[in-house]
Amino acid sequence: MKKCISILLSVLMICGILTPAASAVTAEKCDCGFSPVIYVGALGCSDIVRDPGTEDEQILWKIDTNYLLSCIKPQLGTLAKAAATMNADLLADALVAFVDDCFGDLALDNDGNSLPNVYTPYLNVPTGDTHGPDSDYYFDYDFRLDPYEHAARLQEFIDQVEELTGHDKVQLKASSMGGVVLSAYLDEYGYDEIETIITQCCPLLGTAVAGELFTGRFELNATALRRYAQDALPYMDGGDFLRAVLYSLTDMLRIAGVWEMLIGFGDIIVAQVLDRIYAEALIPIFGTLPGIWAFVPEEYYEEALVFMGLNEETGELYEKVAHYREAMANITENLQTVKADGVKTYVFCGYNVQRTPLVTAWKNTSDGTVDTKYASVGATTALYGEELSEEYIASLADTSYLSPDKMIDASTCALPDSTWFLRDWLHCNGNDAIGALYRILLTSDEQLSVFDMEEYPQYLQNDDARPSLTPVTGAPDAFENFKNNPSLLNFTLIFSALIDLIIEKIKTVFATGV
Ligand SMILES: [Zn+2]
């Protein structure tokens, strides 16, 4: 009798399995215990191509160096004349023509749509069912367009990945602009199919460089330029010796005042040429891209609309730009809600890297591209290289979120318990040490916090060269770094720190009149 029942049950079960299988193409449920990861790419994750498939096919973005050179070529005569006569107008003529020639076809129309012959012909479609901690699906998109268009495609992409792998949830890892897509997605589609969210260096509340360029705050600053080069240099190709020479050279120039003089000269030209570049090249091209508008922090937005001349009369483009403000306005609450409802949610951001030196906000601490306060969704940060004021620190009721180097207070950000800050981490620069931490978070069944793992507290020193993540214990110390890792590069950093000391000393002497 028992046997009969079990046979009967088996038959029923088989029918139960077979019946839906006959009507749907869904893969069998996967019981591997690891929901597939979808990596939401950064700006430029997919090539934007003009006339794809024809003999005139040209990649407009990412930037193709040969094409860039071919666009500058027709302007060489004008540029030479401008240099010979020190004529700013001629220089502007050449630069505007060059920018328009090179990037003009990226512009969208008043409805926020691209030229029909300019698009991303090679977008990824998920294939195969391979998934696991070392294998993810890559979601890419045309960065110019309305982030909500990407969100709609991401929803399809998620459904396809679930179908391929037999899982009913996915883990999302968003990198840089991927956070913009994620923000729009959460706002529009919610989180029913999301098991984990990791954001990496994402401009979730924007980035100051976009806000400042869209409001005309342009500034070349000698110190910022030098530090930017210095912070970015370790990541550039080439031997340590070359870096050492470059460091030394930029520092010597700084001492000699030549650097400041060069910048001063640049400032005059910039001021003369800037208005025309804005009006004739920058605004007509980049001001039409909702994707770039999504980088503008809220505090710049209204002013940027006026400066860039975008308003209700601009048509659907304005609607698309305005729509994303909702995603940005809601991101704090959306992240808090998803986490409270059991979605593992983690925010990663870098700090103590010199940000883009072209804007007045060059003092914001950042990962070089996105300001730490925006990527962390609201942390309180000291200016680059500085500490939070003693008054601020004294006012804190709870100092458990204060960084040991006193540069950051995470208590004010959206998810203080699951936001990690990596010192000296250049924007989205991946390495094995960071990968190892992501792996722990992705494979864990439960939400982990910055207090759960002794080796991974909230503030971590990133060292790409080793690579390693070690707990931050105090202020950055070039001498300490050299002791731990006696490379030529770290030696030049000592040299640089020494020069900072000398300059400070000289300034004090002059200030006190001694
Ligand atoms: Zn599986």
# chains A, B, ... in the order shown; residues from 1 in each chain; ligands from 1
>>> select_by_dssp(residues="region 269-482 of chain A", states="strand (DSSP E)", output="tab-separated table (two decimals) with N, CA and C atoms, in the first residue's frame")
chain	number	residue	atom	x	y	z
A	344	LYS	N	20.05	42.33	1.37
A	344	LYS	CA	21.40	42.66	1.83
A	344	LYS	C	21.86	43.89	1.05
A	345	THR	N	22.22	44.94	1.75
A	345	THR	CA	22.51	46.21	1.07
A	345	THR	C	23.83	46.79	1.58
A	346	TYR	N	24.73	47.08	0.64
A	346	TYR	CA	26.07	47.57	1.00
A	346	TYR	C	26.48	48.74	0.11
A	347	VAL	N	27.10	49.72	0.74
A	347	VAL	CA	27.58	50.88	0.00
A	347	VAL	C	29.10	50.96	0.18
A	348	PHE	N	29.82	51.12	-0.93
A	348	PHE	CA	31.28	51.24	-0.89
A	348	PHE	C	31.69	52.56	-1.51
A	349	CYS	N	32.58	53.28	-0.82
A	349	CYS	CA	33.08	54.50	-1.43
A	349	CYS	C	34.54	54.75	-1.05
A	350	GLY	N	35.21	55.52	-1.87
A	350	GLY	CA	36.60	55.84	-1.62
A	350	GLY	C	36.73	57.23	-1.01
A	351	TYR	N	37.85	57.49	-0.34
A	351	TYR	CA	38.10	58.86	0.14
A	351	TYR	C	39.60	59.13	0.18
A	380	THR	N	29.28	62.72	6.66
A	380	THR	CA	29.87	64.04	6.89
A	380	THR	C	31.37	63.91	6.68
A	381	THR	N	31.90	64.71	5.78
A	381	THR	CA	33.31	64.53	5.43
A	381	THR	C	34.09	65.82	5.63
A	408	ILE	N	36.07	61.42	8.46
A	408	ILE	CA	34.70	61.10	8.06
A	408	ILE	C	33.86	60.66	9.26
A	409	ASP	N	32.60	61.10	9.25
A	409	ASP	CA	31.64	60.59	10.22
A	409	ASP	C	30.50	59.93	9.43
A	419	THR	N	28.02	50.72	5.30
A	419	THR	CA	28.76	51.54	4.34
A	419	THR	C	30.24	51.48	4.69
A	420	TRP	N	31.03	51.04	3.73
A	420	TRP	CA	32.48	50.96	3.94
A	420	TRP	C	33.19	52.10	3.21
A	421	PHE	N	34.24	52.60	3.86
A	421	PHE	CA	35.02	53.70	3.30
A	421	PHE	C	36.46	53.22	3.08
A	422	LEU	N	36.91	53.28	1.85
A	422	LEU	CA	38.26	52.80	1.53
A	422	LEU	C	39.16	53.99	1.25
A	423	ARG	N	40.14	54.19	2.12
A	423	ARG	CA	41.04	55.33	1.95
A	423	ARG	C	42.00	55.07	0.79
A	459	TYR	N	36.35	51.56	8.17
A	459	TYR	CA	37.36	52.36	7.45
A	459	TYR	C	38.57	51.49	7.15
A	460	LEU	N	38.88	51.36	5.86
A	460	LEU	CA	39.94	50.46	5.43
A	460	LEU	C	40.94	51.20	4.55
A	461	GLN	N	42.21	50.90	4.79
A	461	GLN	CA	43.25	51.47	3.94
A	461	GLN	C	43.40	50.55	2.72
A	462	ASN	N	43.18	51.12	1.53
A	462	ASN	CA	43.35	50.34	0.31
A	462	ASN	C	44.78	50.50	-0.19
A	463	ASP	N	45.39	49.39	-0.56
A	463	ASP	CA	46.71	49.43	-1.18
A	463	ASP	C	46.66	48.55	-2.43
A	468	SER	N	45.91	45.02	-0.81
A	468	SER	CA	45.43	44.69	0.53
A	468	SER	C	44.45	45.74	1.04
A	469	LEU	N	43.62	45.31	1.97
A	469	LEU	CA	42.76	46.21	2.74
A	469	LEU	C	43.13	46.01	4.20
A	470	THR	N	43.53	47.07	4.87
A	470	THR	CA	43.87	46.94	6.29
A	470	THR	C	43.10	48.02	7.06
A	471	PRO	N	42.73	47.71	8.31
A	471	PRO	CA	41.97	48.70	9.07
A	471	PRO	C	42.73	50.02	9.17
>>> residues_around(residues="region 320-325 of chain A", least_positions_apart="3", cutoff="10 Å", atoms="only C-alpha atoms", output="PyMOL selection string")
chain A and resi 111-112+145-149+180-181+183-184+187+205+288-298+301+305+310-312+315-317+328-331
>>> write_last_selection(atoms="C-alpha atoms", output="PDB file, in the first residue's frame")
ATOM      1  CA  ASP A 111      12.695  64.846 -26.764  1.00  0.00           C
ATOM      2  CA  GLY A 112      15.830  63.285 -25.332  1.00  0.00           C
ATOM      3  CA  LEU A 145      19.805  58.277 -22.317  1.00  0.00           C
ATOM      4  CA  ASP A 146      17.081  58.538 -19.668  1.00  0.00           C
ATOM      5  CA  PRO A 147      18.101  56.302 -16.714  1.00  0.00           C
ATOM      6  CA  TYR A 148      14.504  55.025 -16.541  1.00  0.00           C
ATOM      7  CA  GLU A 149      14.946  53.523 -20.025  1.00  0.00           C
ATOM      8  CA  VAL A 180      22.169  55.905 -11.382  1.00  0.00           C
ATOM      9  CA  VAL A 181      20.527  52.984 -13.179  1.00  0.00           C
ATOM     10  CA  SER A 183      18.406  54.381  -8.332  1.00  0.00           C
ATOM     11  CA  ALA A 184      15.922  54.587 -11.211  1.00  0.00           C
ATOM     12  CA  ASP A 187      12.271  53.844  -7.722  1.00  0.00           C
ATOM     13  CA  LEU A 205      23.598  61.872  -4.732  1.00  0.00           C
ATOM     14  CA  THR A 288      21.107  67.399 -23.824  1.00  0.00           C
ATOM     15  CA  LEU A 289      22.064  64.160 -22.078  1.00  0.00           C
ATOM     16  CA  PRO A 290      19.710  63.049 -19.251  1.00  0.00           C
ATOM     17  CA  GLY A 291      22.420  60.571 -18.228  1.00  0.00           C
ATOM     18  CA  ILE A 292      24.838  63.410 -17.451  1.00  0.00           C
ATOM     19  CA  TRP A 293      22.092  65.468 -15.788  1.00  0.00           C
ATOM     20  CA  ALA A 294      21.638  62.549 -13.382  1.00  0.00           C
ATOM     21  CA  PHE A 295      25.082  63.384 -11.962  1.00  0.00           C
ATOM     22  CA  VAL A 296      24.070  66.892 -10.909  1.00  0.00           C
ATOM     23  CA  PRO A 297      23.655  67.017  -7.099  1.00  0.00           C
ATOM     24  CA  GLU A 298      20.389  68.444  -5.818  1.00  0.00           C
ATOM     25  CA  TYR A 301      20.080  71.472  -9.895  1.00  0.00           C
ATOM     26  CA  LEU A 305      18.591  74.422 -15.227  1.00  0.00           C
ATOM     27  CA  LEU A 310      16.651  73.802 -19.792  1.00  0.00           C
ATOM     28  CA  ASN A 311      12.980  74.252 -18.838  1.00  0.00           C
ATOM     29  CA  GLU A 312       9.433  73.001 -19.483  1.00  0.00           C
ATOM     30  CA  GLY A 315      10.024  69.453 -24.315  1.00  0.00           C
ATOM     31  CA  GLU A 316      10.338  65.830 -23.328  1.00  0.00           C
ATOM     32  CA  LEU A 317      14.052  66.192 -22.652  1.00  0.00           C
ATOM     33  CA  MET A 328      17.755  60.821  -6.476  1.00  0.00           C
ATOM     34  CA  ALA A 329      15.415  62.364  -3.935  1.00  0.00           C
ATOM     35  CA  ASN A 330      14.159  58.919  -2.915  1.00  0.00           C
ATOM     36  CA  ILE A 331      17.435  56.995  -2.896  1.00  0.00           C
TER      37      ILE A 331
END
>>> residues_around(residues="Ser35 (chain A)", least_positions_apart="2", cutoff="12 Å", atoms="only C-alpha atoms", output="PyMOL selection string")
chain A and resi 29-33+37-38+129-133+135-137+158+161-162+164-172+193-197+442-445
>>> atom_distance(atom1="CA of Met453 (chain A)", atom2="CA of Arg439 (chain A)")
13.7 Å
>>> atom_distance(atom1="CA of Thr473 (chain A)", atom2="CA of Glu455 (chain A)")
12.1 Å
>>> select_by_dssp(residues="region 73-178 of chain A", states="alpha helix (DSSP H)", output="number ranges by chain")
A: 76-85, 88-103, 147-165, 178
>>> decode(residues="region 94-160 of chain A", atoms="C-alpha atoms", output="mmCIF file, in the first residue's frame")
data_model
loop_
_atom_site.group_PDB
_atom_site.id
_atom_site.type_symbol
_atom_site.label_atom_id
_atom_site.label_comp_id
_atom_site.auth_asym_id
_atom_site.auth_seq_id
_atom_site.Cartn_x
_atom_site.Cartn_y
_atom_site.Cartn_z
ATOM 1 C CA ALA A 94 39.290 75.839 -33.195
ATOM 2 C CA LEU A 95 38.238 74.191 -29.942
ATOM 3 C CA VAL A 96 34.512 74.637 -30.543
ATOM 4 C CA ALA A 97 34.844 73.202 -34.051
ATOM 5 C CA PHE A 98 36.894 70.300 -32.730
ATOM 6 C CA VAL A 99 34.474 69.424 -29.900
ATOM 7 C CA ASP A 100 31.497 69.712 -32.225
ATOM 8 C CA ASP A 101 33.125 67.583 -34.892
ATOM 9 C CA CYS A 102 34.200 64.919 -32.425
ATOM 10 C CA PHE A 103 31.233 64.750 -30.035
ATOM 11 C CA GLY A 104 28.446 66.710 -31.737
ATOM 12 C CA ASP A 105 26.586 63.633 -32.922
ATOM 13 C CA LEU A 106 26.256 62.410 -29.346
ATOM 14 C CA ALA A 107 23.745 65.194 -28.630
ATOM 15 C CA LEU A 108 20.105 64.238 -28.108
ATOM 16 C CA ASP A 109 17.126 66.130 -29.506
ATOM 17 C CA ASN A 110 14.490 68.086 -27.545
ATOM 18 C CA ASP A 111 12.695 64.846 -26.764
ATOM 19 C CA GLY A 112 15.830 63.285 -25.332
ATOM 20 C CA ASN A 113 16.280 60.936 -28.284
ATOM 21 C CA SER A 114 19.468 60.163 -30.175
ATOM 22 C CA LEU A 115 20.148 60.646 -33.873
ATOM 23 C CA PRO A 116 18.753 57.467 -35.474
ATOM 24 C CA ASN A 117 22.172 56.475 -36.855
ATOM 25 C CA VAL A 118 23.915 56.829 -33.459
ATOM 26 C CA TYR A 119 23.322 54.068 -30.924
ATOM 27 C CA THR A 120 24.776 51.126 -28.998
ATOM 28 C CA PRO A 121 24.629 48.165 -31.388
ATOM 29 C CA TYR A 122 26.544 45.759 -29.167
ATOM 30 C CA LEU A 123 24.489 45.699 -25.952
ATOM 31 C CA ASN A 124 24.867 42.488 -23.934
ATOM 32 C CA VAL A 125 22.100 39.920 -23.839
ATOM 33 C CA PRO A 126 22.409 37.344 -21.048
ATOM 34 C CA THR A 127 23.400 33.905 -22.298
ATOM 35 C CA GLY A 128 24.339 30.675 -20.578
ATOM 36 C CA ASP A 129 23.494 29.608 -17.056
ATOM 37 C CA THR A 130 26.964 29.869 -15.474
ATOM 38 C CA HIS A 131 26.657 31.741 -12.211
ATOM 39 C CA GLY A 132 28.558 31.929 -8.948
ATOM 40 C CA PRO A 133 30.823 34.237 -6.951
ATOM 41 C CA ASP A 134 33.338 34.362 -9.802
ATOM 42 C CA SER A 135 30.930 34.732 -12.675
ATOM 43 C CA ASP A 136 28.498 37.561 -13.247
ATOM 44 C CA TYR A 137 26.230 38.864 -15.982
ATOM 45 C CA TYR A 138 27.181 42.250 -17.350
ATOM 46 C CA PHE A 139 24.483 44.851 -17.903
ATOM 47 C CA ASP A 140 25.482 47.747 -20.150
ATOM 48 C CA TYR A 141 23.631 50.697 -21.664
ATOM 49 C CA ASP A 142 23.878 53.941 -23.622
ATOM 50 C CA PHE A 143 24.947 56.344 -20.863
ATOM 51 C CA ARG A 144 23.421 59.367 -22.626
ATOM 52 C CA LEU A 145 19.805 58.277 -22.317
ATOM 53 C CA ASP A 146 17.081 58.538 -19.668
ATOM 54 C CA PRO A 147 18.101 56.302 -16.714
ATOM 55 C CA TYR A 148 14.504 55.025 -16.541
ATOM 56 C CA GLU A 149 14.946 53.523 -20.025
ATOM 57 C CA HIS A 150 17.885 51.554 -18.636
ATOM 58 C CA ALA A 151 15.830 50.583 -15.593
ATOM 59 C CA ALA A 152 13.180 49.073 -17.883
ATOM 60 C CA ARG A 153 15.847 47.137 -19.769
ATOM 61 C CA LEU A 154 17.431 46.046 -16.475
ATOM 62 C CA GLN A 155 14.085 44.557 -15.435
ATOM 63 C CA GLU A 156 14.003 42.500 -18.663
ATOM 64 C CA PHE A 157 17.630 41.540 -18.126
ATOM 65 C CA ILE A 158 16.887 40.360 -14.570
ATOM 66 C CA ASP A 159 13.960 38.260 -15.815
ATOM 67 C CA GLN A 160 16.155 36.686 -18.486
#
